Amino acid sequence: MVDVRPHWWYLAGPVSVLAVVIAGSAYGWVNSMATVFDWLTIVALVLAALWLIGRYLKWANTRLIVTNSRLVERKGVLGRRGREIPLSALTDIGYHQTIFERIIGAGDVLLESAGRDGREVFPDLPHPAAIQNEIHAQADACRRRIAGPGPVASIPEQIDQLDRLRRRGVISDQEFASKKAQLLDRL
């Protein structure tokens with residue numbers, strides 16, 4: 001199962017702006033510039049802090065969850081939004097990373113599913129290749145569960161399989177004879 005939030009890179013923009021504004025404010029206060037500059041820096045600080053807080057709340061309340069039967073996305077701070085995609089309906093699972101995203105370990109996971117319009121994009125996820133592999137593995141397992149068990153071997157084939165296990169020493173001669181008798185009783 002996978003349960004992830006967006007990559008920390010999602011917060012880099014607001015953090016950078018806040019750091020630049022704080023540095024500019026400190027420089028202005030040290031050099032005692034005009035009072036208009038003081039008010040502008042306070043406004044810039046408040047706006048940068050609000051942007052960071054808003055982005056953090058959005059980051060903290062966004063989740064992508066991959067279960068053994070579906071993919072679930074939940075997001076929203078005040079209003080909540082969710083969507084679920086059955087793994088059995090997925091037709092294409094991919095990911096996209098720029099060179100920079102490869103360096104920091106972030107990227108987008110791209111999904112196509114039957115009955116949906118276009119591509120579903122889950123942006124800014126950590127380790128998108130690993131998430132893609134896990135979605136693919138869970139989707140394959142889901143399809144195998146839906147398809148049911150494969151064909152059952154005939155009784156002679158089952159006896160042959162038991163004999164191979166006996167010859168390899170996995171089961172004893174007594175276990176082989178007992179299982180063989182059970183199979184022959186079904187005839």
# chains A, B, ... in the order shown; residues from 1 in each chain; ligands from 1

$ select_by_dssp --residues "stretch 45-97 of chain A" --states "strand (DSSP E)" --output "list in words"
Arg63, Leu64, Ile65, Val66, Arg70, Leu71, Val72, Glu73, Arg74, Lys75, Arg81, Gly82, Arg83, Glu84, Ile85, Pro86, Leu90, Thr91, Asp92, Ile93, Gly94, Tyr95 and His96 of chain A

$ write_last_selection --atoms "N, CA and C atoms" --output "PDB file, in the first residue's frame"
ATOM      1  N   ARG A  63      -3.497  13.819  -0.135  1.00  0.00           N
ATOM      2  CA  ARG A  63      -2.970  12.460  -0.014  1.00  0.00           C
ATOM      3  C   ARG A  63      -3.311  11.655  -1.254  1.00  0.00           C
ATOM      4  N   LEU A  64      -2.388  10.793  -1.631  1.00  0.00           N
ATOM      5  CA  LEU A  64      -2.626   9.783  -2.667  1.00  0.00           C
ATOM      6  C   LEU A  64      -2.420   8.440  -1.996  1.00  0.00           C
ATOM      7  N   ILE A  65      -3.439   7.601  -2.057  1.00  0.00           N
ATOM      8  CA  ILE A  65      -3.408   6.305  -1.390  1.00  0.00           C
ATOM      9  C   ILE A  65      -3.671   5.225  -2.437  1.00  0.00           C
ATOM     10  N   VAL A  66      -2.800   4.231  -2.464  1.00  0.00           N
ATOM     11  CA  VAL A  66      -2.984   3.091  -3.356  1.00  0.00           C
ATOM     12  C   VAL A  66      -3.281   1.886  -2.483  1.00  0.00           C
ATOM     13  N   ARG A  70      -7.988  -0.051  -5.378  1.00  0.00           N
ATOM     14  CA  ARG A  70      -8.283   1.263  -5.952  1.00  0.00           C
ATOM     15  C   ARG A  70      -7.195   2.270  -5.622  1.00  0.00           C
ATOM     16  N   LEU A  71      -7.264   3.370  -6.323  1.00  0.00           N
ATOM     17  CA  LEU A  71      -6.376   4.504  -6.089  1.00  0.00           C
ATOM     18  C   LEU A  71      -7.261   5.629  -5.576  1.00  0.00           C
ATOM     19  N   VAL A  72      -6.906   6.218  -4.452  1.00  0.00           N
ATOM     20  CA  VAL A  72      -7.744   7.227  -3.793  1.00  0.00           C
ATOM     21  C   VAL A  72      -6.951   8.520  -3.661  1.00  0.00           C
ATOM     22  N   GLU A  73      -7.562   9.625  -4.071  1.00  0.00           N
ATOM     23  CA  GLU A  73      -6.965  10.946  -3.862  1.00  0.00           C
ATOM     24  C   GLU A  73      -7.909  11.749  -2.987  1.00  0.00           C
ATOM     25  N   ARG A  74      -7.376  12.339  -1.948  1.00  0.00           N
ATOM     26  CA  ARG A  74      -8.140  13.207  -1.044  1.00  0.00           C
ATOM     27  C   ARG A  74      -7.396  14.522  -0.950  1.00  0.00           C
ATOM     28  N   LYS A  75      -8.129  15.630  -1.092  1.00  0.00           N
ATOM     29  CA  LYS A  75      -7.491  16.939  -0.951  1.00  0.00           C
ATOM     30  C   LYS A  75      -8.503  17.964  -0.513  1.00  0.00           C
ATOM     31  N   ARG A  81     -12.298  17.304  -1.303  1.00  0.00           N
ATOM     32  CA  ARG A  81     -12.602  16.688  -2.588  1.00  0.00           C
ATOM     33  C   ARG A  81     -11.868  15.352  -2.635  1.00  0.00           C
ATOM     34  N   GLY A  82     -12.524  14.362  -3.156  1.00  0.00           N
ATOM     35  CA  GLY A  82     -11.896  13.052  -3.269  1.00  0.00           C
ATOM     36  C   GLY A  82     -12.302  12.392  -4.560  1.00  0.00           C
ATOM     37  N   ARG A  83     -11.455  11.503  -5.022  1.00  0.00           N
ATOM     38  CA  ARG A  83     -11.795  10.698  -6.189  1.00  0.00           C
ATOM     39  C   ARG A  83     -11.145   9.343  -6.029  1.00  0.00           C
ATOM     40  N   GLU A  84     -11.794   8.358  -6.601  1.00  0.00           N
ATOM     41  CA  GLU A  84     -11.303   6.992  -6.525  1.00  0.00           C
ATOM     42  C   GLU A  84     -11.301   6.400  -7.923  1.00  0.00           C
ATOM     43  N   ILE A  85     -10.240   5.688  -8.234  1.00  0.00           N
ATOM     44  CA  ILE A  85     -10.122   5.028  -9.529  1.00  0.00           C
ATOM     45  C   ILE A  85      -9.886   3.549  -9.251  1.00  0.00           C
ATOM     46  N   PRO A  86     -10.774   2.679  -9.727  1.00  0.00           N
ATOM     47  CA  PRO A  86     -10.539   1.243  -9.535  1.00  0.00           C
ATOM     48  C   PRO A  86      -9.273   0.820 -10.290  1.00  0.00           C
ATOM     49  N   LEU A  90      -7.525   0.722 -14.854  1.00  0.00           N
ATOM     50  CA  LEU A  90      -6.346   1.430 -15.366  1.00  0.00           C
ATOM     51  C   LEU A  90      -5.858   0.794 -16.664  1.00  0.00           C
ATOM     52  N   THR A  91      -5.612   1.649 -17.665  1.00  0.00           N
ATOM     53  CA  THR A  91      -5.097   1.160 -18.943  1.00  0.00           C
ATOM     54  C   THR A  91      -3.656   1.585 -19.188  1.00  0.00           C
ATOM     55  N   ASP A  92      -3.194   2.645 -18.533  1.00  0.00           N
ATOM     56  CA  ASP A  92      -1.818   3.103 -18.697  1.00  0.00           C
ATOM     57  C   ASP A  92      -1.367   3.770 -17.404  1.00  0.00           C
ATOM     58  N   ILE A  93      -0.151   3.428 -16.973  1.00  0.00           N
ATOM     59  CA  ILE A  93       0.419   3.986 -15.760  1.00  0.00           C
ATOM     60  C   ILE A  93       1.806   4.507 -16.126  1.00  0.00           C
ATOM     61  N   GLY A  94       2.030   5.804 -15.942  1.00  0.00           N
ATOM     62  CA  GLY A  94       3.329   6.378 -16.293  1.00  0.00           C
ATOM     63  C   GLY A  94       3.745   7.440 -15.295  1.00  0.00           C
ATOM     64  N   TYR A  95       4.922   7.992 -15.516  1.00  0.00           N
ATOM     65  CA  TYR A  95       5.383   9.103 -14.685  1.00  0.00           C
ATOM     66  C   TYR A  95       6.245  10.020 -15.530  1.00  0.00           C
ATOM     67  N   HIS A  96       6.405  11.256 -15.052  1.00  0.00           N
ATOM     68  CA  HIS A  96       7.193  12.260 -15.768  1.00  0.00           C
ATOM     69  C   HIS A  96       8.062  13.004 -14.763  1.00  0.00           C
TER      70      HIS A  96
END

$ residues_around --residues "A:Ile135" --least-positions-apart "3" --cutoff "8 Å" --atoms "only C-alpha atoms" --output "PyMOL selection string"
chain A and resi 66+87+93+131-132+138-139

$ select_by_dssp --residues "stretch 108-144 of chain A" --states "helix (DSSP H, G or I)" --output "ChimeraX atom specification"
/A:128-144

$ write_last_selection --atoms "C-alpha atoms" --output "PDB file, in the first residue's frame"
ATOM      1  CA  PRO A 128       7.151   8.693  -8.862  1.00  0.00           C
ATOM      2  CA  ALA A 129       8.855   5.619 -10.386  1.00  0.00           C
ATOM      3  CA  ALA A 130       8.373   3.669  -7.151  1.00  0.00           C
ATOM      4  CA  ILE A 131       4.737   4.800  -6.948  1.00  0.00           C
ATOM      5  CA  GLN A 132       4.212   3.777 -10.591  1.00  0.00           C
ATOM      6  CA  ASN A 133       5.705   0.327  -9.872  1.00  0.00           C
ATOM      7  CA  GLU A 134       3.497  -0.152  -6.818  1.00  0.00           C
ATOM      8  CA  ILE A 135       0.341   0.912  -8.694  1.00  0.00           C
ATOM      9  CA  HIS A 136       1.270  -1.474 -11.502  1.00  0.00           C
ATOM     10  CA  ALA A 137       1.876  -4.357  -9.068  1.00  0.00           C
ATOM     11  CA  GLN A 138      -1.401  -3.719  -7.225  1.00  0.00           C
ATOM     12  CA  ALA A 139      -3.332  -3.403 -10.520  1.00  0.00           C
ATOM     13  CA  ASP A 140      -1.904  -6.736 -11.753  1.00  0.00           C
ATOM     14  CA  ALA A 141      -2.805  -8.437  -8.464  1.00  0.00           C
ATOM     15  CA  CYS A 142      -6.309  -6.943  -8.659  1.00  0.00           C
ATOM     16  CA  ARG A 143      -6.802  -8.228 -12.217  1.00  0.00           C
ATOM     17  CA  ARG A 144      -5.633 -11.707 -11.165  1.00  0.00           C
TER      18      ARG A 144
END

$ closest_residue --among "A:Arg167, A:Ser69, A:Val77, A:Phe122" --to "A:Met1" --atoms "only C-alpha atoms"
A:Ser69
